[in-house]
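*Asks:* Data file model_16.cif (mmCIF, N, CA and C atoms) is appended below.
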data_start
loop_
_atom_site.label_atom_id
_atom_site.label_comp_id
_atom_site.auth_asym_id
_atom_site.auth_seq_id
_atom_site.Cartn_x
_atom_site.Cartn_y
_atom_site.Cartn_z
N MET A 9 13.14 -2.48 -8.76
CA MET A 9 14.54 -2.36 -8.41
C MET A 9 14.87 -0.91 -8.15
N GLU A 10 15.44 -0.66 -7.03
CA GLU A 10 15.74 0.71 -6.63
C GLU A 10 17.24 0.95 -6.61
N THR A 11 17.62 2.18 -6.93
CA THR A 11 19.02 2.55 -6.79
C THR A 11 19.23 3.11 -5.39
N LYS A 12 20.45 3.25 -4.99
CA LYS A 12 20.76 3.76 -3.66
C LYS A 12 20.16 5.15 -3.48
N ALA A 13 19.66 5.41 -2.29
CA ALA A 13 18.96 6.66 -2.02
C ALA A 13 19.89 7.86 -2.10
N GLN A 14 21.12 7.74 -1.65
CA GLN A 14 22.02 8.89 -1.62
C GLN A 14 23.03 8.81 -2.76
N THR A 15 22.61 9.23 -3.92
CA THR A 15 23.52 9.27 -5.06
C THR A 15 23.75 10.71 -5.46
N THR A 16 24.97 11.01 -5.82
CA THR A 16 25.29 12.36 -6.27
C THR A 16 25.79 12.37 -7.71
N ALA A 17 26.11 11.21 -8.24
CA ALA A 17 26.61 11.15 -9.61
C ALA A 17 25.87 10.05 -10.36
N GLN A 18 25.36 10.40 -11.54
CA GLN A 18 24.65 9.42 -12.35
C GLN A 18 25.04 9.59 -13.81
N THR A 19 25.03 8.48 -14.53
CA THR A 19 25.32 8.50 -15.94
C THR A 19 24.59 7.35 -16.61
N THR A 20 24.34 7.48 -17.91
CA THR A 20 23.67 6.43 -18.65
C THR A 20 24.36 6.20 -19.99
N ALA A 21 24.13 5.02 -20.52
CA ALA A 21 24.56 4.69 -21.88
C ALA A 21 23.48 3.82 -22.49
N THR A 22 23.16 4.08 -23.74
CA THR A 22 22.20 3.26 -24.47
C THR A 22 22.92 2.66 -25.67
N ILE A 23 22.89 1.34 -25.74
CA ILE A 23 23.64 0.62 -26.76
C ILE A 23 22.67 -0.09 -27.69
N ALA A 24 22.81 0.14 -28.97
CA ALA A 24 21.98 -0.53 -29.96
C ALA A 24 22.52 -1.94 -30.19
N THR A 25 21.71 -2.95 -29.89
CA THR A 25 22.11 -4.33 -30.10
C THR A 25 20.87 -5.23 -30.08
N ALA A 26 20.88 -6.22 -30.93
CA ALA A 26 19.80 -7.21 -30.93
C ALA A 26 19.99 -8.24 -29.83
N ASN A 27 21.12 -8.18 -29.12
CA ASN A 27 21.44 -9.14 -28.07
C ASN A 27 21.34 -8.54 -26.67
N ALA A 28 20.54 -7.52 -26.49
CA ALA A 28 20.45 -6.82 -25.22
C ALA A 28 20.07 -7.75 -24.07
N HIS A 29 19.09 -8.61 -24.29
CA HIS A 29 18.64 -9.52 -23.23
C HIS A 29 19.76 -10.48 -22.83
N ARG A 30 20.48 -10.98 -23.80
CA ARG A 30 21.59 -11.90 -23.53
C ARG A 30 22.68 -11.21 -22.70
N TYR A 31 23.06 -10.00 -23.11
CA TYR A 31 24.13 -9.30 -22.40
C TYR A 31 23.71 -8.93 -20.97
N LEU A 32 22.44 -8.54 -20.79
CA LEU A 32 21.95 -8.24 -19.46
C LEU A 32 22.06 -9.48 -18.57
N GLY A 33 21.64 -10.62 -19.08
CA GLY A 33 21.72 -11.86 -18.32
C GLY A 33 23.15 -12.25 -17.99
N GLN A 34 24.04 -12.13 -18.97
CA GLN A 34 25.45 -12.46 -18.74
C GLN A 34 26.06 -11.54 -17.69
N PHE A 35 25.77 -10.26 -17.79
CA PHE A 35 26.33 -9.28 -16.85
C PHE A 35 25.88 -9.61 -15.42
N CYS A 36 24.59 -9.83 -15.25
CA CYS A 36 24.05 -10.11 -13.91
C CYS A 36 24.57 -11.44 -13.37
N LYS A 37 24.58 -12.47 -14.18
CA LYS A 37 25.05 -13.78 -13.72
C LYS A 37 26.54 -13.76 -13.40
N HIS A 38 27.30 -12.99 -14.15
CA HIS A 38 28.74 -12.90 -13.91
C HIS A 38 29.04 -12.37 -12.51
N PHE A 39 28.30 -11.35 -12.10
CA PHE A 39 28.57 -10.72 -10.81
C PHE A 39 27.79 -11.35 -9.65
N ALA A 40 26.84 -12.22 -9.94
CA ALA A 40 25.96 -12.77 -8.90
C ALA A 40 26.70 -13.58 -7.84
N HIS A 41 27.85 -14.14 -8.17
CA HIS A 41 28.57 -14.96 -7.19
C HIS A 41 29.33 -14.13 -6.16
N LYS A 42 29.44 -12.80 -6.40
CA LYS A 42 30.19 -12.01 -5.42
C LYS A 42 29.52 -10.69 -5.03
N LEU A 43 28.43 -10.32 -5.68
CA LEU A 43 27.75 -9.06 -5.38
C LEU A 43 26.24 -9.27 -5.34
N PRO A 44 25.52 -8.38 -4.65
CA PRO A 44 24.05 -8.45 -4.69
C PRO A 44 23.55 -8.15 -6.10
N VAL A 45 22.74 -9.06 -6.63
CA VAL A 45 22.23 -8.93 -8.00
C VAL A 45 20.74 -9.27 -8.01
N GLU A 46 20.00 -8.50 -8.78
CA GLU A 46 18.59 -8.79 -9.04
C GLU A 46 18.41 -8.73 -10.55
N HIS A 47 17.65 -9.69 -11.10
CA HIS A 47 17.27 -9.57 -12.51
C HIS A 47 16.07 -10.45 -12.79
N THR A 48 15.31 -10.05 -13.79
CA THR A 48 14.12 -10.80 -14.15
C THR A 48 14.52 -12.05 -14.93
N GLU A 49 13.67 -13.06 -14.88
CA GLU A 49 13.95 -14.30 -15.61
C GLU A 49 14.02 -14.06 -17.12
N THR A 50 13.30 -13.06 -17.58
CA THR A 50 13.29 -12.75 -19.01
C THR A 50 14.43 -11.83 -19.44
N ASN A 51 15.28 -11.45 -18.48
CA ASN A 51 16.42 -10.56 -18.74
C ASN A 51 16.00 -9.23 -19.35
N THR A 52 14.89 -8.68 -18.84
CA THR A 52 14.48 -7.36 -19.31
C THR A 52 14.98 -6.25 -18.39
N THR A 53 15.17 -6.56 -17.11
CA THR A 53 15.73 -5.59 -16.17
C THR A 53 16.68 -6.30 -15.22
N GLY A 54 17.65 -5.56 -14.75
CA GLY A 54 18.60 -6.11 -13.79
C GLY A 54 19.29 -5.00 -13.01
N GLN A 55 19.86 -5.41 -11.88
CA GLN A 55 20.59 -4.44 -11.06
C GLN A 55 21.71 -5.15 -10.33
N VAL A 56 22.90 -4.57 -10.39
CA VAL A 56 24.06 -5.08 -9.67
C VAL A 56 24.52 -3.98 -8.73
N THR A 57 24.65 -4.33 -7.45
CA THR A 57 25.08 -3.36 -6.44
C THR A 57 26.54 -3.61 -6.10
N PHE A 58 27.38 -2.69 -6.55
CA PHE A 58 28.81 -2.72 -6.26
C PHE A 58 29.06 -1.94 -4.97
N PRO A 59 30.20 -2.13 -4.33
CA PRO A 59 30.51 -1.32 -3.13
C PRO A 59 30.52 0.18 -3.41
N ILE A 60 30.81 0.58 -4.65
CA ILE A 60 30.90 2.01 -4.97
C ILE A 60 29.67 2.56 -5.66
N GLY A 61 28.70 1.71 -6.01
CA GLY A 61 27.52 2.21 -6.69
C GLY A 61 26.68 1.11 -7.28
N THR A 62 25.69 1.51 -8.03
CA THR A 62 24.71 0.58 -8.58
C THR A 62 24.66 0.70 -10.10
N VAL A 63 24.58 -0.45 -10.76
CA VAL A 63 24.37 -0.50 -12.20
C VAL A 63 22.98 -1.08 -12.43
N THR A 64 22.13 -0.32 -13.11
CA THR A 64 20.79 -0.78 -13.45
C THR A 64 20.76 -0.98 -14.96
N LEU A 65 20.25 -2.14 -15.40
CA LEU A 65 20.22 -2.48 -16.81
C LEU A 65 18.77 -2.69 -17.26
N ASP A 66 18.45 -2.18 -18.43
CA ASP A 66 17.13 -2.36 -19.04
C ASP A 66 17.32 -2.77 -20.49
N ALA A 67 16.70 -3.89 -20.86
CA ALA A 67 16.87 -4.42 -22.21
C ALA A 67 15.55 -4.40 -22.97
N THR A 68 15.63 -4.01 -24.24
CA THR A 68 14.52 -4.14 -25.17
C THR A 68 14.99 -5.04 -26.30
N GLU A 69 14.19 -5.18 -27.31
CA GLU A 69 14.58 -6.01 -28.45
C GLU A 69 15.74 -5.40 -29.23
N THR A 70 15.95 -4.08 -29.09
CA THR A 70 16.97 -3.41 -29.90
C THR A 70 18.00 -2.60 -29.12
N THR A 71 17.80 -2.44 -27.80
CA THR A 71 18.74 -1.62 -27.03
C THR A 71 18.99 -2.18 -25.64
N LEU A 72 20.16 -1.86 -25.12
CA LEU A 72 20.51 -2.12 -23.74
C LEU A 72 20.85 -0.77 -23.11
N ARG A 73 20.12 -0.42 -22.07
CA ARG A 73 20.36 0.85 -21.37
C ARG A 73 21.03 0.55 -20.05
N LEU A 74 22.12 1.22 -19.80
CA LEU A 74 22.89 1.10 -18.56
C LEU A 74 22.75 2.40 -17.80
N SER A 75 22.35 2.33 -16.55
CA SER A 75 22.25 3.51 -15.69
C SER A 75 23.12 3.27 -14.47
N LEU A 76 24.06 4.17 -14.24
CA LEU A 76 25.00 4.04 -13.13
C LEU A 76 24.75 5.15 -12.12
N ALA A 77 24.86 4.79 -10.84
CA ALA A 77 24.71 5.77 -9.77
C ALA A 77 25.75 5.49 -8.70
N THR A 78 26.45 6.54 -8.28
CA THR A 78 27.46 6.43 -7.22
C THR A 78 27.22 7.51 -6.18
N ALA A 79 27.78 7.30 -5.00
CA ALA A 79 27.61 8.27 -3.91
C ALA A 79 28.43 9.53 -4.14
N THR A 80 29.59 9.40 -4.80
CA THR A 80 30.44 10.56 -5.07
C THR A 80 30.86 10.57 -6.53
N PRO A 81 31.05 11.74 -7.10
CA PRO A 81 31.43 11.83 -8.51
C PRO A 81 32.75 11.14 -8.85
N ASP A 82 33.69 11.10 -7.90
CA ASP A 82 34.98 10.49 -8.20
C ASP A 82 34.91 8.97 -8.33
N GLN A 83 33.82 8.35 -7.89
CA GLN A 83 33.64 6.90 -8.03
C GLN A 83 33.08 6.51 -9.39
N LEU A 84 32.46 7.45 -10.06
CA LEU A 84 31.78 7.17 -11.31
C LEU A 84 32.70 6.62 -12.40
N PRO A 85 33.88 7.20 -12.65
CA PRO A 85 34.75 6.65 -13.70
C PRO A 85 35.13 5.18 -13.46
N THR A 86 35.35 4.80 -12.21
CA THR A 86 35.69 3.40 -11.92
C THR A 86 34.53 2.49 -12.26
N LEU A 87 33.31 2.86 -11.87
CA LEU A 87 32.14 2.04 -12.16
C LEU A 87 31.87 2.00 -13.66
N GLN A 88 32.07 3.11 -14.35
CA GLN A 88 31.92 3.13 -15.80
C GLN A 88 32.91 2.16 -16.46
N ASP A 89 34.15 2.19 -16.00
CA ASP A 89 35.19 1.33 -16.57
C ASP A 89 34.86 -0.15 -16.36
N VAL A 90 34.51 -0.51 -15.14
CA VAL A 90 34.20 -1.92 -14.85
C VAL A 90 33.01 -2.38 -15.69
N THR A 91 31.98 -1.55 -15.75
CA THR A 91 30.78 -1.91 -16.51
C THR A 91 31.09 -2.06 -18.00
N ALA A 92 31.76 -1.09 -18.57
CA ALA A 92 32.06 -1.13 -20.01
C ALA A 92 32.99 -2.29 -20.36
N ARG A 93 34.03 -2.51 -19.57
CA ARG A 93 34.96 -3.61 -19.87
C ARG A 93 34.26 -4.96 -19.88
N HIS A 94 33.39 -5.18 -18.91
CA HIS A 94 32.70 -6.46 -18.87
C HIS A 94 31.70 -6.59 -20.01
N LEU A 95 30.96 -5.54 -20.29
CA LEU A 95 30.00 -5.60 -21.37
C LEU A 95 30.70 -5.85 -22.71
N LEU A 96 31.79 -5.15 -22.95
CA LEU A 96 32.52 -5.34 -24.21
C LEU A 96 33.08 -6.77 -24.32
N ARG A 97 33.45 -7.35 -23.21
CA ARG A 97 33.92 -8.74 -23.21
C ARG A 97 32.79 -9.69 -23.59
N PHE A 98 31.59 -9.45 -23.08
CA PHE A 98 30.45 -10.30 -23.42
C PHE A 98 30.02 -10.11 -24.87
N ALA A 99 30.22 -8.93 -25.41
CA ALA A 99 29.77 -8.60 -26.76
C ALA A 99 30.90 -8.66 -27.78
N PHE A 100 31.86 -9.54 -27.56
CA PHE A 100 33.04 -9.56 -28.42
C PHE A 100 32.72 -9.86 -29.89
N ARG A 101 31.58 -10.46 -30.17
CA ARG A 101 31.21 -10.76 -31.56
C ARG A 101 30.63 -9.55 -32.29
N GLU A 102 30.33 -8.50 -31.54
CA GLU A 102 29.74 -7.29 -32.11
C GLU A 102 30.70 -6.13 -31.98
N ASP A 103 30.52 -5.16 -32.84
CA ASP A 103 31.29 -3.92 -32.76
C ASP A 103 30.41 -2.89 -32.07
N ILE A 104 30.42 -2.92 -30.73
CA ILE A 104 29.60 -1.96 -29.98
C ILE A 104 30.51 -0.98 -29.24
N ALA A 105 29.93 0.15 -28.91
CA ALA A 105 30.64 1.17 -28.15
C ALA A 105 29.76 1.60 -27.00
N VAL A 106 30.40 1.91 -25.87
CA VAL A 106 29.68 2.41 -24.71
C VAL A 106 30.02 3.88 -24.56
N SER A 107 29.03 4.72 -24.72
CA SER A 107 29.21 6.17 -24.63
C SER A 107 28.35 6.69 -23.48
N TRP A 108 29.01 7.19 -22.44
CA TRP A 108 28.31 7.63 -21.23
C TRP A 108 27.81 9.06 -21.35
N HIS A 109 26.62 9.31 -20.78
CA HIS A 109 26.02 10.64 -20.78
C HIS A 109 25.57 10.96 -19.36
N ALA A 110 26.00 12.10 -18.84
CA ALA A 110 25.64 12.51 -17.48
C ALA A 110 24.14 12.78 -17.39
N GLU A 111 23.59 12.47 -16.23
CA GLU A 111 22.16 12.76 -15.99
C GLU A 111 22.00 13.97 -15.12
#
Could you quickly redo this structure as structure tokens?
*Replies:*
Amino acid sequence: METKAQTTAQTTATIATANAHRYLGQFCKHFAHKLPVEHTETNTTGQVTFPIGTVTLDATETTLRLSLATATPDQLPTLQDVTARHLLRFAFREDIAVSWHAE
């Protein structure tokens, strides 16, 4: 899975959770009906391509890593917001936080 070639802004968040595979699958399936989505059957990796950028997800047994890339820095906050809001909705049974770190 590749991110867009011309990105100028990138950020990541790593979330500790035993449900990383589940959340990755939910996130990808949620957007699959309206956006280009790729993900493995085992929900270990996924990618959602939004009009403003790309969200790449990687799941292990204990963490979910979110990597965001946009063409311009001013698009990054919007993609961060959409990603975090949806993830928090899927993880409503857990007390998780999404903390973004610039790359």
*Asks:* Take atom CA of Arg97 of chain A and atom CA of Pro81 of chain A and report the distance between them in Å, one decimal.
*Replies:*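 Separation between atom CA of Arg97 of chain A and atom CA of Pro81 of chain A: 25.4 Å.
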*Asks:* When the PyMOL selection byres (((chain A and resi 29 and name CA) around 9) and name CA) is applied to the file above, which residues end up in the set, as a ChimeraX atom specification?
*Replies:* /A:26-28,30-34,50-53,66-69,71-72
*Asks:* Take the PyMOL selection byres ((chain A and resi 23) around 7), run it mentally on this structure, and tell me the resulting residues as a PyMOL selection string.
*Replies:* chain A and resi 21-22+24-25+70-74+105-106
*Asks:* Please, what distance in Å, to one decimal, runs between atom CA of Phe100 of chain A and atom CA of Asp82 of chain A?
*Replies:*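 Distance reported for this atom pair: 28.5 Å.
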*Asks:* May I ask which of the residues A:Lys42, A:Arg93, A:His109, A:Lys37 is the closest one to Gly54 of chain A, counting only C-alpha atoms?
*Replies:* A:Lys37
*Asks:* Go through A:Ala79, A:Glu49, A:His38, A:Ala92 and flag the residue nearest Thr62 of chain A, using all atoms listed in the file for the distances.
*Replies:*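 Result for the nearest residue to Thr62 of chain A: A:Ala79.
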*Asks:* So how far away is atom N of Phe35 of chain A from atom CA of Thr16 of chain A, in Å?
*Replies:* 25.4 Å
*Asks:* Go through A:Ala77, A:Ala99, A:Val90, A:Ala110 one by one, measure the shortest atom-to-atom distance of each to Gly61 of chain A using all atoms listed in the file, and give the residue with the smallest value.
*Replies:*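 Looking only at the distances to Gly61 of chain A, the closest residue turns out to be A:Ala77.
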*Asks:* What parts of chain A does DSSP call alpha helix (DSSP H)? I'd like the answer as a list in words.
*Replies:*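 Alpha helix (DSSP H) members of chain A, listed: Ala28, His29, Arg30, Tyr31, Leu32, Gly33, Gln34, Phe35, Cys36, Lys37, His38, Phe39, Leu84, Pro85, Thr86, Leu87, Gln88, Asp89, Val90, Thr91, Ala92, Arg93, His94, Leu95, Leu96, Arg97 and Phe98 of chain A.
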*Asks:* Which residues are near Asp89 of chain A? Cut-off 12 Å, only C-alpha atoms, ignore same chain within fewer than 4 positions. Put them as a ChimeraX atom specification.
*Replies:* /A:63,76,83-85,93-96,106-108
*Asks:* Report as a list in words the residues that result from applying the PyMOL selection byres ((chain A and resi 57) around 7) to the structure here.
*Replies:*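 Applying the PyMOL selection byres ((chain A and resi 57) around 7) to the structure shown produces Leu43, Pro44, Val45, Glu46, Gln55, Val56, Phe58, Pro59, Ile60, Gly61, Thr62 and Val63 of chain A.
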*Asks:* Would you output that residue set with N, CA and C atoms, as a PDB file, in the frame of the given file?
*Replies:*
ATOM      1  N   LEU A  43      28.430 -10.320  -5.680  1.00  0.00           N
ATOM      2  CA  LEU A  43      27.750  -9.060  -5.380  1.00  0.00           C
ATOM      3  C   LEU A  43      26.240  -9.270  -5.340  1.00  0.00           C
ATOM      4  N   PRO A  44      25.520  -8.380  -4.650  1.00  0.00           N
ATOM      5  CA  PRO A  44      24.050  -8.450  -4.690  1.00  0.00           C
ATOM      6  C   PRO A  44      23.550  -8.150  -6.100  1.00  0.00           C
ATOM      7  N   VAL A  45      22.740  -9.060  -6.630  1.00  0.00           N
ATOM      8  CA  VAL A  45      22.230  -8.930  -8.000  1.00  0.00           C
ATOM      9  C   VAL A  45      20.740  -9.270  -8.010  1.00  0.00           C
ATOM     10  N   GLU A  46      20.000  -8.500  -8.780  1.00  0.00           N
ATOM     11  CA  GLU A  46      18.590  -8.790  -9.040  1.00  0.00           C
ATOM     12  C   GLU A  46      18.410  -8.730 -10.550  1.00  0.00           C
ATOM     13  N   GLN A  55      19.860  -5.410 -11.880  1.00  0.00           N
ATOM     14  CA  GLN A  55      20.590  -4.440 -11.060  1.00  0.00           C
ATOM     15  C   GLN A  55      21.710  -5.150 -10.330  1.00  0.00           C
ATOM     16  N   VAL A  56      22.900  -4.570 -10.390  1.00  0.00           N
ATOM     17  CA  VAL A  56      24.060  -5.080  -9.670  1.00  0.00           C
ATOM     18  C   VAL A  56      24.520  -3.980  -8.730  1.00  0.00           C
ATOM     19  N   PHE A  58      27.380  -2.690  -6.550  1.00  0.00           N
ATOM     20  CA  PHE A  58      28.810  -2.720  -6.260  1.00  0.00           C
ATOM     21  C   PHE A  58      29.060  -1.940  -4.970  1.00  0.00           C
ATOM     22  N   PRO A  59      30.200  -2.130  -4.330  1.00  0.00           N
ATOM     23  CA  PRO A  59      30.510  -1.320  -3.130  1.00  0.00           C
ATOM     24  C   PRO A  59      30.520   0.180  -3.410  1.00  0.00           C
ATOM     25  N   ILE A  60      30.810   0.580  -4.650  1.00  0.00           N
ATOM     26  CA  ILE A  60      30.900   2.010  -4.970  1.00  0.00           C
ATOM     27  C   ILE A  60      29.670   2.560  -5.660  1.00  0.00           C
ATOM     28  N   GLY A  61      28.700   1.710  -6.010  1.00  0.00           N
ATOM     29  CA  GLY A  61      27.520   2.210  -6.690  1.00  0.00           C
ATOM     30  C   GLY A  61      26.680   1.110  -7.280  1.00  0.00           C
ATOM     31  N   THR A  62      25.690   1.510  -8.030  1.00  0.00           N
ATOM     32  CA  THR A  62      24.710   0.580  -8.580  1.00  0.00           C
ATOM     33  C   THR A  62      24.660   0.700 -10.100  1.00  0.00           C
ATOM     34  N   VAL A  63      24.580  -0.450 -10.760  1.00  0.00           N
ATOM     35  CA  VAL A  63      24.370  -0.500 -12.200  1.00  0.00           C
ATOM     36  C   VAL A  63      22.980  -1.080 -12.430  1.00  0.00           C
TER      37      VAL A  63
END
